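K.L.:
Please read through the structure below; I'll follow up with questions.
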Amino acid sequence: MRSITIGLIREGKTPPDKRVPLTPKKCAEAEARFPGLKIVVQESGIRCFSDQEYRNLGIEVRPEVADCDILMGVKEVPVAQLIPHKTYLFFSHTVKKQPANRELLRQVLAKQITLIDYELLTNENGERIVAFGRWAGIVGAYNGLLTYGRKHGLYELKPAYECVDMEDMQEEFFKVKRLPPIKIAVTGSGRVAQGAVEVLNLMGIRRVSVYDYLYLDFNEPVYTQLRSSDYNRRRDGRVWDTPDFHRNPQEYESTFQNFLPVTNLLIACAYWHPAAPRLFSLEDTCRAHFRIDTIADVTCDVDGSIPTTKRSSTIQEPAFDYNCQTQELEPPYSRPGNITIMAVDNLPCELPRNASRDFGRQLIDNVLPHLVHEGSDAVIERATIARNGQLTERYQYLQEYVA
């Protein structure tokens with residue numbers, strides 16, 4: 001195997017992200033597993049793992065890592081900090097032509113940088129091989145119950161970001177025993193939804209079938225998990241077809257109306273395509289049968305599947321109210337008839353140590369074997385947006401975006 005150095009860069013985005021691609025233990029494991037690999041860490045005062053924790057395991061920590069072969073971060077690198085002619089791995093948020101990052105991609109090309117995006121690392125079946133999704137679901141469900149408890153004056157949970165880690169957060173779970181017999185709907189079946197379901201199960205909230213959820217009453221809080229087919233149908237009345245739904249979402253309409261009269265707390269974890277139907281309309285929110293008063297929008301698509309998500313919120317101020325009469329946003333918990341929405345768009349940052357451990361495990365098992373071997377590799381190739389300042393063939397469609 002060739003010798004290669006990976007530099008873990010200091011996160012430069014504000015507000016700062018405390019997550020790391022590789023924890024101290026994962027750095028040591030990676031060096032042991034891949035002979036010829038050396039990992040160097042750039043000094044940082046904001047990481048959830050201190051510089052000393054890396055040094056304790058024999059990992060070199062220094063002010064600059066510009067001489068490394070590959071530079072690894074988590075969030076977008078501020079334009080001024082990009083080093084010409086380098087190979088970078090981070091979440092660039094550019095492939096959907098996001099306006100906020102157009103200049104970032106322009107500078108990547110201008111500085112002849114090779115950019116590999118974590119989000120585009122997939123196996124042969126097109127499934128992502130590294131993601132923080134499970135932690136978005138875990139923190140999102142917790143925040144949803146925290147918000148519901150605050151809204152109704154039932155209990156006060158310690159905010160997730162004030163917890164040291166998941167274990168610390170679980171100490172709070174017993175408080176939700178004070179929940180009345182509400183019904184909670186979780187949408188989605190991917191990593192994010194699985195994270196949310198994990199938390200509800202650990203809290204001891206009973207799972208029930210979709211049918212029982214719709215038609216039976218319970219004397220305890222319950223939840224159900226909804227797949228796309230539970231709340232969408234084909235417009236032409238033909239039989240449900242999941243692959244077709246993903247290919248042609250515009251051919252479908254929402255049947256989420258069925259769930260509006262029975263749901264108190266909605267935890268939205270389903271991936272949403274802009275051509276797909278929304279769960280409900282803004283008009284629905286004022287109708288008598290609309291029972292939902294708290295929404296944890298974990299997917300956090302602004303003006304997306306949840307039309308009341310008119311903006312995202314922050315870790316420090318996670319909730320806001322939607323007033324259906326005025327269609328305006330108001331401060332959280334400001335009046336009884338409002339819907340309270342939690343729409344934090346960087347949830348995994350609230351449990352950074354756990355999220356980083358998980359991510360590092362996936363990197364070592366699924367990505368590093370492809371990254372450190374000689375020659376070109378299909379997994380890395382698919383995720384390479386630009387090479388030496390040129391858009392790769394797969395991402396030529398971004399030409400107009402950067403022009």
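How things are named: the first chain in the structure tokens is A, the next is B, and so on; residues count from 1 in each chain; ligands count from 1 in the order shown.
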Near stretch 219-234 of chain A, within 8 Å and counting only C-alpha atoms, which residues show up once chain neighbours fewer than 5 positions away are dropped, as a ChimeraX atom specification?

P.N.:
/A:179-189,197,200,205-210,213,239-240,242,251-256,258,277,279

K.L.:
May I have the selected residues written with N, CA and C atoms, as an mmCIF file, in the first residue's frame?

P.N.:
data_model
loop_
_atom_site.group_PDB
_atom_site.id
_atom_site.type_symbol
_atom_site.label_atom_id
_atom_site.label_comp_id
_atom_site.auth_asym_id
_atom_site.auth_seq_id
_atom_site.Cartn_x
_atom_site.Cartn_y
_atom_site.Cartn_z
ATOM 1 N N LEU A 179 -46.233 11.823 30.073
ATOM 2 C CA LEU A 179 -47.035 12.101 28.867
ATOM 3 C C LEU A 179 -48.453 11.572 29.028
ATOM 4 N N PRO A 180 -49.443 12.331 28.600
ATOM 5 C CA PRO A 180 -50.814 11.800 28.536
ATOM 6 C C PRO A 180 -50.913 10.804 27.364
ATOM 7 N N PRO A 181 -52.057 10.170 27.161
ATOM 8 C CA PRO A 181 -52.177 9.187 26.069
ATOM 9 C C PRO A 181 -52.244 9.856 24.689
ATOM 10 N N ILE A 182 -51.116 10.436 24.267
ATOM 11 C CA ILE A 182 -51.094 11.092 22.950
ATOM 12 C C ILE A 182 -50.698 10.081 21.862
ATOM 13 N N LYS A 183 -50.913 10.478 20.618
ATOM 14 C CA LYS A 183 -50.482 9.655 19.486
ATOM 15 C C LYS A 183 -49.383 10.388 18.715
ATOM 16 N N ILE A 184 -48.309 9.641 18.426
ATOM 17 C CA ILE A 184 -47.124 10.197 17.765
ATOM 18 C C ILE A 184 -46.941 9.477 16.428
ATOM 19 N N ALA A 185 -46.823 10.232 15.343
ATOM 20 C CA ALA A 185 -46.567 9.634 14.026
ATOM 21 C C ALA A 185 -45.131 9.942 13.611
ATOM 22 N N VAL A 186 -44.401 8.891 13.191
ATOM 23 C CA VAL A 186 -43.048 9.053 12.648
ATOM 24 C C VAL A 186 -43.123 8.721 11.163
ATOM 25 N N THR A 187 -42.720 9.647 10.287
ATOM 26 C CA THR A 187 -42.724 9.327 8.856
ATOM 27 C C THR A 187 -41.326 8.916 8.413
ATOM 28 N N GLY A 188 -41.265 7.947 7.501
ATOM 29 C CA GLY A 188 -39.990 7.532 6.923
ATOM 30 C C GLY A 188 -39.565 6.148 7.357
ATOM 31 N N SER A 189 -38.634 5.568 6.582
ATOM 32 C CA SER A 189 -38.165 4.219 6.912
ATOM 33 C C SER A 189 -36.651 4.104 6.776
ATOM 34 N N VAL A 197 -37.126 6.188 15.990
ATOM 35 C CA VAL A 197 -37.829 5.038 16.577
ATOM 36 C C VAL A 197 -37.022 4.449 17.748
ATOM 37 N N LEU A 200 -37.832 6.526 20.813
ATOM 38 C CA LEU A 200 -39.198 6.278 21.327
ATOM 39 C C LEU A 200 -39.253 4.930 22.047
ATOM 40 N N ILE A 205 -42.196 4.141 24.937
ATOM 41 C CA ILE A 205 -43.464 4.471 24.278
ATOM 42 C C ILE A 205 -43.836 3.312 23.349
ATOM 43 N N ARG A 206 -45.086 2.851 23.449
ATOM 44 C CA ARG A 206 -45.502 1.635 22.746
ATOM 45 C C ARG A 206 -45.714 1.886 21.260
ATOM 46 N N ARG A 207 -45.219 0.954 20.462
ATOM 47 C CA ARG A 207 -45.432 1.015 19.010
ATOM 48 C C ARG A 207 -46.720 0.269 18.675
ATOM 49 N N VAL A 208 -47.540 0.862 17.791
ATOM 50 C CA VAL A 208 -48.778 0.181 17.375
ATOM 51 C C VAL A 208 -48.854 0.176 15.855
ATOM 52 N N SER A 209 -49.694 -0.700 15.306
ATOM 53 C CA SER A 209 -49.845 -0.774 13.851
ATOM 54 C C SER A 209 -50.543 0.479 13.340
ATOM 55 N N VAL A 210 -50.395 0.741 12.058
ATOM 56 C CA VAL A 210 -51.028 1.913 11.449
ATOM 57 C C VAL A 210 -52.551 1.840 11.622
ATOM 58 N N TYR A 213 -53.518 2.574 15.229
ATOM 59 C CA TYR A 213 -53.259 3.995 15.467
ATOM 60 C C TYR A 213 -54.429 4.841 14.959
ATOM 61 N N VAL A 239 -52.284 0.591 -8.435
ATOM 62 C CA VAL A 239 -51.704 0.004 -7.223
ATOM 63 C C VAL A 239 -50.379 0.708 -6.866
ATOM 64 N N TRP A 240 -50.090 0.769 -5.565
ATOM 65 C CA TRP A 240 -48.876 1.423 -5.069
ATOM 66 C C TRP A 240 -47.628 0.736 -5.618
ATOM 67 N N THR A 242 -43.490 1.393 -4.977
ATOM 68 C CA THR A 242 -42.489 2.228 -4.301
ATOM 69 C C THR A 242 -41.419 2.783 -5.254
ATOM 70 N N GLU A 251 -46.786 11.938 -9.752
ATOM 71 C CA GLU A 251 -47.979 11.142 -10.108
ATOM 72 C C GLU A 251 -48.794 10.752 -8.865
ATOM 73 N N TYR A 252 -48.359 11.199 -7.685
ATOM 74 C CA TYR A 252 -48.977 10.755 -6.424
ATOM 75 C C TYR A 252 -49.597 11.936 -5.673
ATOM 76 N N GLU A 253 -50.543 11.597 -4.778
ATOM 77 C CA GLU A 253 -51.133 12.629 -3.915
ATOM 78 C C GLU A 253 -51.113 12.138 -2.476
ATOM 79 N N SER A 254 -51.185 13.094 -1.539
ATOM 80 C CA SER A 254 -51.090 12.763 -0.120
ATOM 81 C C SER A 254 -52.429 12.248 0.409
ATOM 82 N N THR A 255 -52.347 11.226 1.267
ATOM 83 C CA THR A 255 -53.540 10.771 2.006
ATOM 84 C C THR A 255 -53.306 10.985 3.508
ATOM 85 N N PHE A 256 -52.380 11.904 3.812
ATOM 86 C CA PHE A 256 -52.055 12.162 5.217
ATOM 87 C C PHE A 256 -53.251 12.749 5.979
ATOM 88 N N ASN A 258 -55.890 11.407 6.611
ATOM 89 C CA ASN A 258 -56.387 10.367 7.528
ATOM 90 C C ASN A 258 -55.763 10.486 8.919
ATOM 91 N N PRO A 277 -45.927 15.131 -3.153
ATOM 92 C CA PRO A 277 -46.968 15.887 -2.443
ATOM 93 C C PRO A 277 -46.513 16.289 -1.035
ATOM 94 N N LEU A 279 -47.411 16.890 3.003
ATOM 95 C CA LEU A 279 -48.249 16.085 3.893
ATOM 96 C C LEU A 279 -49.632 16.706 4.072
#

K.L.:
Quick one: residues within 8 Å of A:Lys151, only C-alpha atoms, excluding same-chain residues fewer than 3 positions away - as number ranges by chain?

P.N.:
A: 147-148, 154, 333, 340

K.L.:
Going by DSSP on the backbone, which bits of stretch 22-135 of chain A are alpha helix (DSSP H)? Write them as a PyMOL selection string, please.

P.N.:
chain A and resi 24-33+51-55+102-110+133-135

K.L.:
So how many Å separate atom CA of A:Glu328 and atom CA of A:Lys97, to one decimal?

P.N.:
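Answer for the atom CA of A:Glu328 to atom CA of A:Lys97 separation: 28.6 Å.
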